[in-house]
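Asker: Please read through the structure below; I'll follow up with questions.
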Amino acid sequence: MAILEILTYPDPRLAKTSEPVTDFGPELKKLCDDMLETMYAAPGVGLAAPQVNVHKQLVVIDIDYDSSDDDPPVLSNKNPRIFVNPRITEKVGEQICKEGCLSIPGEYEEVVRAEFVTVEYQDENGKPHKLEAEGYLAVAIQHELDHLDGRLFIDRLSLVKSKSIKKRLKREAEK
Ligand code: ZN
């Protein structure tokens, strides 16, 4: 396994749209392993393939970390979830959750998301699945799937807020 480099904003490669996965061979399994290792090492609760410069529809999520107030959270019982070619087929309700992103280190903002989502996806072997998620898992799924469309959580804020955060991040990146 290997720890991969995570692209950070304003890297334009984060804005690319991802292509469907069609090859379910050993290369995909290695990428899943590497992405999980990279996510746990960061540490983070989710990682999308475009964040490691692979523009394929693949995300990994593990929200089952220790509920202590440690920042960053301590991952206790690992419960890795792999979503290949995921599609949200239903969204219900609304929730506001403070989100962060491994591609935007140090930035945390409240984002409005659906409270419940139904997601259809394949596993790393190509087998289809359907999952109904709520709460924080639903947030993580919506956040990671946005990456596949080249969207970041700061794109979901009010225009004024989004613009000022982007301006500051671009200025910091130039230093
Ligand atoms: Zn993210």
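By order in the structure tokens, chains are A, B, ...; within a chain, residues start at 1; ligands start at 1, following the order shown.
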Using only C-alpha atoms and all ligand atoms, find each residue with an atom at most 8 Å away from ligand 1 and format the answer as a ChimeraX atom specification.

Answerer: /A:46-48,51,100-104,143-144,147,152-153

Asker: Within 8 Å of stretch 31-36 of chain A, counting only C-alpha atoms, which residues qualify if same-chain residues fewer than 6 places away don't, as a list of chain:residue names?

Answerer: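 Selected residues are A:Met1, A:Ala2, A:Ile3, A:Leu4, A:Leu47, A:Ala49, A:Val52, A:Val60, A:Pro80, A:Ile82, A:Glu124.
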
Asker: Go ahead and compute the interatomic distance for atom CA of A:Leu14 and atom CA of A:Ile154, in Å to one decimal.

Answerer: 12.5 Å

Asker: Between A:Glu5, A:Ile61, A:Asp123, A:Val92, single out the one closest to A:Ala140, counting only C-alpha atoms.

Answerer: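 Looking at the shortest contact to A:Ala140, the residue is A:Ile61.
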
Asker: For A:Lys56, find every residue with an atom within 10 Å (counting only C-alpha atoms), except residues of its own chain fewer than 4 positions away, and show them as a list of chain:residue names.

Answerer: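 With the cut-off at 10 Å, the set is A:Thr17, A:Ser18, A:Glu19, A:Pro20, A:Val21, A:Thr22, A:Ala48, A:Ala49, A:Pro50, A:Val84, A:Asn85, A:Leu148.
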
Asker: Write the residues of the selection above to a file with N, CA and C atoms, as a PDB file, in the first residue's frame.

Answerer:
ATOM      1  N   THR A  17     -14.116  16.722 -14.079  1.00  0.00           N
ATOM      2  CA  THR A  17     -15.152  15.701 -13.823  1.00  0.00           C
ATOM      3  C   THR A  17     -14.545  14.315 -14.020  1.00  0.00           C
ATOM      4  N   SER A  18     -15.048  13.366 -13.244  1.00  0.00           N
ATOM      5  CA  SER A  18     -14.487  12.016 -13.266  1.00  0.00           C
ATOM      6  C   SER A  18     -15.253  11.103 -14.209  1.00  0.00           C
ATOM      7  N   GLU A  19     -14.533  10.154 -14.783  1.00  0.00           N
ATOM      8  CA  GLU A  19     -15.102   9.185 -15.722  1.00  0.00           C
ATOM      9  C   GLU A  19     -15.544   7.928 -14.948  1.00  0.00           C
ATOM     10  N   PRO A  20     -16.550   7.210 -15.486  1.00  0.00           N
ATOM     11  CA  PRO A  20     -16.964   5.962 -14.831  1.00  0.00           C
ATOM     12  C   PRO A  20     -15.823   4.931 -14.808  1.00  0.00           C
ATOM     13  N   VAL A  21     -15.811   4.100 -13.770  1.00  0.00           N
ATOM     14  CA  VAL A  21     -14.876   2.983 -13.687  1.00  0.00           C
ATOM     15  C   VAL A  21     -15.438   1.849 -14.539  1.00  0.00           C
ATOM     16  N   THR A  22     -14.617   1.298 -15.434  1.00  0.00           N
ATOM     17  CA  THR A  22     -15.074   0.188 -16.277  1.00  0.00           C
ATOM     18  C   THR A  22     -14.228  -1.058 -16.061  1.00  0.00           C
ATOM     19  N   ALA A  48     -12.015  11.214  -2.292  1.00  0.00           N
ATOM     20  CA  ALA A  48     -12.490  10.912  -3.635  1.00  0.00           C
ATOM     21  C   ALA A  48     -11.277  10.797  -4.561  1.00  0.00           C
ATOM     22  N   ALA A  49     -11.379   9.902  -5.549  1.00  0.00           N
ATOM     23  CA  ALA A  49     -10.235   9.638  -6.437  1.00  0.00           C
ATOM     24  C   ALA A  49      -9.643  10.908  -7.065  1.00  0.00           C
ATOM     25  N   PRO A  50     -10.476  11.884  -7.518  1.00  0.00           N
ATOM     26  CA  PRO A  50      -9.864  13.085  -8.102  1.00  0.00           C
ATOM     27  C   PRO A  50      -8.955  13.840  -7.146  1.00  0.00           C
ATOM     28  N   VAL A  84     -18.024   2.695  -5.908  1.00  0.00           N
ATOM     29  CA  VAL A  84     -17.570   2.806  -7.292  1.00  0.00           C
ATOM     30  C   VAL A  84     -18.777   3.202  -8.143  1.00  0.00           C
ATOM     31  N   ASN A  85     -18.591   4.146  -9.032  1.00  0.00           N
ATOM     32  CA  ASN A  85     -19.661   4.674  -9.897  1.00  0.00           C
ATOM     33  C   ASN A  85     -20.927   5.020  -9.107  1.00  0.00           C
ATOM     34  N   LEU A 148     -16.523  14.226  -7.514  1.00  0.00           N
ATOM     35  CA  LEU A 148     -16.543  13.542  -8.813  1.00  0.00           C
ATOM     36  C   LEU A 148     -17.064  14.461  -9.914  1.00  0.00           C
TER      37      LEU A 148
END

Asker: Report the distance between atom CA of A:Leu157 and atom CA of A:Gly44 in Å, rounded to one decimal place.

Answerer: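 Between these atoms lies a distance of 21.1 Å.
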
Asker: How many Å separate atom CA of A:Arg87 from atom CA of A:Tyr121?

Answerer: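 Value for the atom CA of A:Arg87-atom CA of A:Tyr121 distance: 6.3 Å.
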
Asker: Using DSSP on the backbone coordinates, identify the residues of chain A assigned to alpha helix (DSSP H); present them as number ranges by chain.

Answerer: A: 26-41, 135-148, 159-174

Asker: Put those residues in a file: C-alpha atoms, as a tab-separated table (two decimals), in the first residue's frame.

Answerer:
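So selection_2.tsv came out as:
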chain	number	residue	atom	x	y	z
A	26	PRO	CA	-6.32	-5.57	-9.61
A	27	GLU	CA	-5.40	-1.97	-10.42
A	28	LEU	CA	-8.75	-0.78	-9.02
A	29	LYS	CA	-8.27	-2.84	-5.84
A	30	LYS	CA	-4.80	-1.38	-5.34
A	31	LEU	CA	-6.18	2.14	-5.83
A	32	CYS	CA	-8.90	1.46	-3.21
A	33	ASP	CA	-6.29	0.20	-0.73
A	34	ASP	CA	-4.02	3.18	-1.37
A	35	MET	CA	-6.89	5.66	-1.06
A	36	LEU	CA	-8.01	4.13	2.25
A	37	GLU	CA	-4.46	4.21	3.60
A	38	THR	CA	-4.09	7.84	2.45
A	39	MET	CA	-7.42	8.78	4.09
A	40	TYR	CA	-6.55	7.10	7.43
A	41	ALA	CA	-3.07	8.64	7.44
A	135	GLY	CA	-27.05	12.03	9.16
A	136	TYR	CA	-23.29	12.32	8.96
A	137	LEU	CA	-22.89	9.40	6.53
A	138	ALA	CA	-25.33	11.14	4.15
A	139	VAL	CA	-23.23	14.32	4.46
A	140	ALA	CA	-20.00	12.43	3.73
A	141	ILE	CA	-21.55	10.75	0.67
A	142	GLN	CA	-22.81	14.06	-0.73
A	143	HIS	CA	-19.45	15.77	-0.05
A	144	GLU	CA	-17.40	13.02	-1.71
A	145	LEU	CA	-19.72	12.65	-4.70
A	146	ASP	CA	-19.43	16.40	-5.33
A	147	HIS	CA	-15.69	15.86	-5.90
A	148	LEU	CA	-16.54	13.54	-8.81
A	159	LEU	CA	-21.56	33.46	-3.16
A	160	VAL	CA	-20.03	36.16	-0.97
A	161	LYS	CA	-18.56	33.68	1.49
A	162	SER	CA	-17.37	31.34	-1.24
A	163	LYS	CA	-15.63	34.17	-3.09
A	164	SER	CA	-13.85	35.53	-0.02
A	165	ILE	CA	-12.62	32.08	1.09
A	166	LYS	CA	-11.37	31.27	-2.42
A	167	LYS	CA	-9.59	34.60	-2.69
A	168	ARG	CA	-7.83	34.04	0.64
A	169	LEU	CA	-6.87	30.44	-0.21
A	170	LYS	CA	-5.47	31.52	-3.59
A	171	ARG	CA	-3.44	34.27	-1.91
A	172	GLU	CA	-2.10	31.81	0.69
A	173	ALA	CA	-1.19	29.30	-2.05
A	174	GLU	CA	0.89	31.93	-3.83

Asker: I want to know what sits within 12 Å of A:Glu90, based on only C-alpha atoms, with residues of the same chain fewer than 4 positions away left out; could you give that as number ranges by chain?

Answerer: A: 114-120, 130-134, 138, 142

Asker: Could those selected residues go to a file with all heavy atoms, as a short mmCIF file (atom, residue, chain, number, x, y, z; two decimals), in the first residue's frame?

Answerer:
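Wrote it out as selection19.cif, contents follow:
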data_model
loop_
_atom_site.label_atom_id
_atom_site.label_comp_id
_atom_site.auth_asym_id
_atom_site.auth_seq_id
_atom_site.Cartn_x
_atom_site.Cartn_y
_atom_site.Cartn_z
N ALA A 114 -28.78 17.41 2.02
CA ALA A 114 -29.97 16.59 2.27
C ALA A 114 -29.74 15.76 3.53
O ALA A 114 -28.61 15.36 3.82
CB ALA A 114 -30.24 15.68 1.08
N GLU A 115 -30.83 15.48 4.27
CA GLU A 115 -30.70 14.70 5.50
C GLU A 115 -30.60 13.19 5.22
O GLU A 115 -29.88 12.47 5.88
CB GLU A 115 -31.90 14.98 6.41
CG GLU A 115 -31.71 14.40 7.80
CD GLU A 115 -32.87 14.71 8.73
OE1 GLU A 115 -33.86 15.32 8.26
OE2 GLU A 115 -32.79 14.32 9.90
N PHE A 116 -31.36 12.77 4.20
CA PHE A 116 -31.36 11.36 3.81
C PHE A 116 -31.00 11.26 2.33
O PHE A 116 -31.50 12.05 1.53
CB PHE A 116 -32.76 10.73 3.98
CG PHE A 116 -33.28 10.81 5.38
CD1 PHE A 116 -34.08 11.88 5.78
CD2 PHE A 116 -33.01 9.80 6.30
CE1 PHE A 116 -34.59 11.95 7.08
CE2 PHE A 116 -33.51 9.87 7.59
CZ PHE A 116 -34.29 10.94 7.98
N VAL A 117 -30.17 10.31 1.99
CA VAL A 117 -29.90 10.05 0.57
C VAL A 117 -29.98 8.55 0.29
O VAL A 117 -29.68 7.74 1.16
CB VAL A 117 -28.51 10.57 0.09
CG1 VAL A 117 -28.42 12.08 0.19
CG2 VAL A 117 -27.36 9.91 0.85
N THR A 118 -30.39 8.23 -0.92
CA THR A 118 -30.27 6.85 -1.39
C THR A 118 -29.17 6.87 -2.44
O THR A 118 -29.19 7.71 -3.34
CB THR A 118 -31.59 6.37 -2.03
OG1 THR A 118 -32.63 6.52 -1.05
CG2 THR A 118 -31.51 4.92 -2.46
N VAL A 119 -28.21 5.99 -2.30
CA VAL A 119 -27.10 5.95 -3.25
C VAL A 119 -26.99 4.56 -3.85
O VAL A 119 -27.08 3.54 -3.16
CB VAL A 119 -25.77 6.43 -2.58
CG1 VAL A 119 -25.40 5.60 -1.38
CG2 VAL A 119 -24.62 6.46 -3.58
N GLU A 120 -26.88 4.53 -5.19
CA GLU A 120 -26.66 3.27 -5.89
C GLU A 120 -25.23 3.28 -6.38
O GLU A 120 -24.75 4.29 -6.89
CB GLU A 120 -27.66 3.14 -7.06
CG GLU A 120 -29.08 2.96 -6.54
CD GLU A 120 -30.11 2.76 -7.65
OE1 GLU A 120 -29.71 2.42 -8.78
OE2 GLU A 120 -31.30 2.96 -7.36
N LYS A 130 -27.23 -0.86 -3.13
CA LYS A 130 -28.07 0.31 -2.87
C LYS A 130 -28.01 0.58 -1.37
O LYS A 130 -28.14 -0.35 -0.58
CB LYS A 130 -29.51 -0.01 -3.30
CG LYS A 130 -30.44 1.16 -3.29
CD LYS A 130 -31.76 0.72 -3.92
CE LYS A 130 -32.79 1.82 -3.84
NZ LYS A 130 -34.02 1.43 -4.54
N LEU A 131 -27.79 1.83 -0.99
CA LEU A 131 -27.66 2.16 0.43
C LEU A 131 -28.52 3.37 0.75
O LEU A 131 -28.53 4.36 0.01
CB LEU A 131 -26.19 2.48 0.75
CG LEU A 131 -25.88 2.99 2.15
CD1 LEU A 131 -25.97 1.87 3.19
CD2 LEU A 131 -24.50 3.64 2.20
N GLU A 132 -29.27 3.27 1.86
CA GLU A 132 -30.00 4.44 2.35
C GLU A 132 -29.21 4.99 3.53
O GLU A 132 -28.96 4.28 4.50
CB GLU A 132 -31.42 4.04 2.76
CG GLU A 132 -32.29 3.78 1.55
CD GLU A 132 -33.67 3.25 1.88
OE1 GLU A 132 -34.07 3.29 3.07
OE2 GLU A 132 -34.35 2.79 0.96
N ALA A 133 -28.78 6.23 3.40
CA ALA A 133 -27.92 6.80 4.44
C ALA A 133 -28.58 8.04 5.03
O ALA A 133 -29.35 8.72 4.36
CB ALA A 133 -26.56 7.17 3.85
N GLU A 134 -28.26 8.31 6.30
CA GLU A 134 -28.79 9.52 6.94
C GLU A 134 -27.69 10.16 7.76
O GLU A 134 -26.61 9.59 7.95
CB GLU A 134 -29.99 9.17 7.83
CG GLU A 134 -29.66 8.22 8.96
CD GLU A 134 -30.87 7.94 9.85
OE1 GLU A 134 -31.46 8.90 10.37
OE2 GLU A 134 -31.22 6.76 10.02
N ALA A 138 -24.71 10.50 5.32
CA ALA A 138 -25.33 11.14 4.15
C ALA A 138 -24.53 12.38 3.74
O ALA A 138 -24.34 12.64 2.55
CB ALA A 138 -26.78 11.50 4.46
N GLN A 142 -22.55 12.91 0.14
CA GLN A 142 -22.81 14.06 -0.73
C GLN A 142 -21.53 14.87 -0.98
O GLN A 142 -21.26 15.31 -2.10
CB GLN A 142 -23.90 14.95 -0.12
CG GLN A 142 -25.27 14.27 -0.13
CD GLN A 142 -26.30 15.05 0.69
OE1 GLN A 142 -26.89 16.00 0.21
NE2 GLN A 142 -26.50 14.65 1.93
#

Asker: Restricting the calculation to only C-alpha atoms, which member of A:Glu109, A:Asp64, A:Val59, A:Ala42 is positioned closest to A:Ile6?

Answerer: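 Comparing A:Glu109, A:Asp64, A:Val59, A:Ala42 against A:Ile6, the winner is A:Ala42.
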
Asker: With only C-alpha atoms as the atoms that count, which of A:Lys175, A:Lys127, A:Arg113, A:Arg151 lies nearest to A:Glu99?

Answerer: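 Answer, going by the shortest atom-to-atom distance: A:Arg113.
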